[in-house]
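S.K.: Sharing a structure below in structure tokens format, with a few things to ask.
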Amino acid sequence: MAGNKKHIPNSLKKHRKLMRYSQEDVRRKLLLRNTSMISKWENGERMPSGENLLKLSVLYKTVVNELYYTLTKDYQAALYPQERVFIKHRKRKTRRRPERAP
């Protein structure tokens, strides 16, 4: 059964280490009973609750999209396939904005 689990890509561990926190530090700040849940989040076995996800983004001084960048991009591609093409097209064209009058 272990082979059936889907890995949830994330950068939680990277951001934790950038902030120089141990899993124990994060456990204390999030008021969790132990570090096992943090380990499962970082290994992509589980997803934090919405509340814990927001707390992690504040704790790591980043946005949720950065913590789950690959997952965010996958959802964006699935939900807005035409917009994705539009964004790519827009990046190629650089338009100058007219200057504002003082």
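Ordering of the structure tokens sets the chain letters (A, B, ...); residue numbers start at 1 within each chain; ligands are numbered from 1 in the order shown.
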Would you write out, as a Markdown table, a table of all residues in segment 12-36 of chain A that have an atom no more than 12 Å from an atom of segment 62-84 of chain A, listing for each the closest atom pair and the distance in Å to one decimal, considering only C-alpha atoms and ordering rows by chain and rising residue number?

M.R.:
| residue | atom | partner | partner_atom | distance |
| --- | --- | --- | --- | --- |
| A:Leu12 | CA | A:Leu67 | CA | 5.7 |
| A:Lys13 | CA | A:Leu67 | CA | 9.1 |
| A:Lys14 | CA | A:Leu67 | CA | 8.9 |
| A:His15 | CA | A:Leu67 | CA | 7.6 |
| A:Arg16 | CA | A:Leu67 | CA | 10.1 |
| A:Leu18 | CA | A:Thr62 | CA | 11.1 |
| A:Met19 | CA | A:Thr62 | CA | 10.7 |

S.K.: Please return, as an NGL selection string, all residues of segment 29-73 of chain A that DSSP assigns to helix (DSSP H, G or I) on the basis of the backbone.

M.R.: :A and (29-30 or 36-42 or 50-59 or 64-67 or 69-73)

S.K.: Can you spit out the residues from that selection as a short mmCIF file (atom, residue, chain, number, x, y, z; two decimals), in the first residue's frame, using N, CA and C atoms?

M.R.:
data_model
loop_
_atom_site.label_atom_id
_atom_site.label_comp_id
_atom_site.auth_asym_id
_atom_site.auth_seq_id
_atom_site.Cartn_x
_atom_site.Cartn_y
_atom_site.Cartn_z
N LYS A 29 6.28 26.48 17.90
CA LYS A 29 5.60 27.69 17.42
C LYS A 29 4.19 27.39 16.92
N LEU A 30 3.99 26.20 16.34
CA LEU A 30 2.67 25.83 15.85
C LEU A 30 1.83 25.10 16.89
N SER A 36 6.28 14.66 14.28
CA SER A 36 5.97 13.68 13.23
C SER A 36 5.13 14.28 12.11
N MET A 37 4.21 15.18 12.44
CA MET A 37 3.37 15.78 11.41
C MET A 37 4.21 16.70 10.52
N ILE A 38 5.15 17.42 11.10
CA ILE A 38 6.04 18.29 10.32
C ILE A 38 6.86 17.45 9.35
N SER A 39 7.34 16.32 9.82
CA SER A 39 8.10 15.42 8.97
C SER A 39 7.25 14.91 7.81
N LYS A 40 6.00 14.57 8.08
CA LYS A 40 5.09 14.10 7.01
C LYS A 40 4.81 15.20 6.00
N TRP A 41 4.67 16.43 6.48
CA TRP A 41 4.46 17.56 5.56
C TRP A 41 5.67 17.74 4.66
N GLU A 42 6.86 17.76 5.27
CA GLU A 42 8.08 18.00 4.51
C GLU A 42 8.39 16.87 3.54
N GLY A 50 -5.29 24.24 6.40
CA GLY A 50 -5.23 25.62 5.92
C GLY A 50 -4.64 26.56 6.96
N GLU A 51 -5.05 26.38 8.20
CA GLU A 51 -4.54 27.23 9.28
C GLU A 51 -3.03 27.04 9.46
N ASN A 52 -2.58 25.78 9.50
CA ASN A 52 -1.14 25.53 9.66
C ASN A 52 -0.34 25.99 8.45
N LEU A 53 -0.93 25.90 7.28
CA LEU A 53 -0.26 26.37 6.07
C LEU A 53 -0.02 27.88 6.14
N LEU A 54 -1.02 28.61 6.60
CA LEU A 54 -0.86 30.05 6.76
C LEU A 54 0.17 30.37 7.84
N LYS A 55 0.13 29.63 8.94
CA LYS A 55 1.11 29.83 10.00
C LYS A 55 2.54 29.58 9.49
N LEU A 56 2.70 28.52 8.70
CA LEU A 56 4.03 28.23 8.14
C LEU A 56 4.51 29.35 7.23
N SER A 57 3.61 29.89 6.42
CA SER A 57 4.02 30.96 5.52
C SER A 57 4.45 32.20 6.31
N VAL A 58 3.76 32.48 7.41
CA VAL A 58 4.15 33.61 8.26
C VAL A 58 5.47 33.31 8.96
N LEU A 59 5.59 32.11 9.49
CA LEU A 59 6.79 31.70 10.21
C LEU A 59 8.03 31.73 9.31
N VAL A 64 2.29 31.22 0.61
CA VAL A 64 1.92 29.81 0.46
C VAL A 64 2.34 29.27 -0.90
N ASN A 65 2.20 30.07 -1.95
CA ASN A 65 2.56 29.62 -3.29
C ASN A 65 4.02 29.19 -3.37
N GLU A 66 4.89 29.83 -2.61
CA GLU A 66 6.31 29.45 -2.60
C GLU A 66 6.52 28.12 -1.89
N LEU A 67 5.75 27.86 -0.88
CA LEU A 67 5.89 26.60 -0.13
C LEU A 67 5.44 25.41 -0.97
N TYR A 69 5.10 25.50 -4.62
CA TYR A 69 5.22 26.10 -5.94
C TYR A 69 4.83 25.14 -7.07
N THR A 70 5.38 23.95 -7.09
CA THR A 70 5.08 22.99 -8.16
C THR A 70 3.60 22.63 -8.17
N LEU A 71 3.04 22.41 -7.01
CA LEU A 71 1.62 22.08 -6.90
C LEU A 71 0.76 23.25 -7.39
N THR A 72 1.14 24.46 -7.02
CA THR A 72 0.43 25.66 -7.46
C THR A 72 0.44 25.77 -8.98
N LYS A 73 1.62 25.55 -9.58
CA LYS A 73 1.73 25.63 -11.04
C LYS A 73 0.89 24.55 -11.72
#
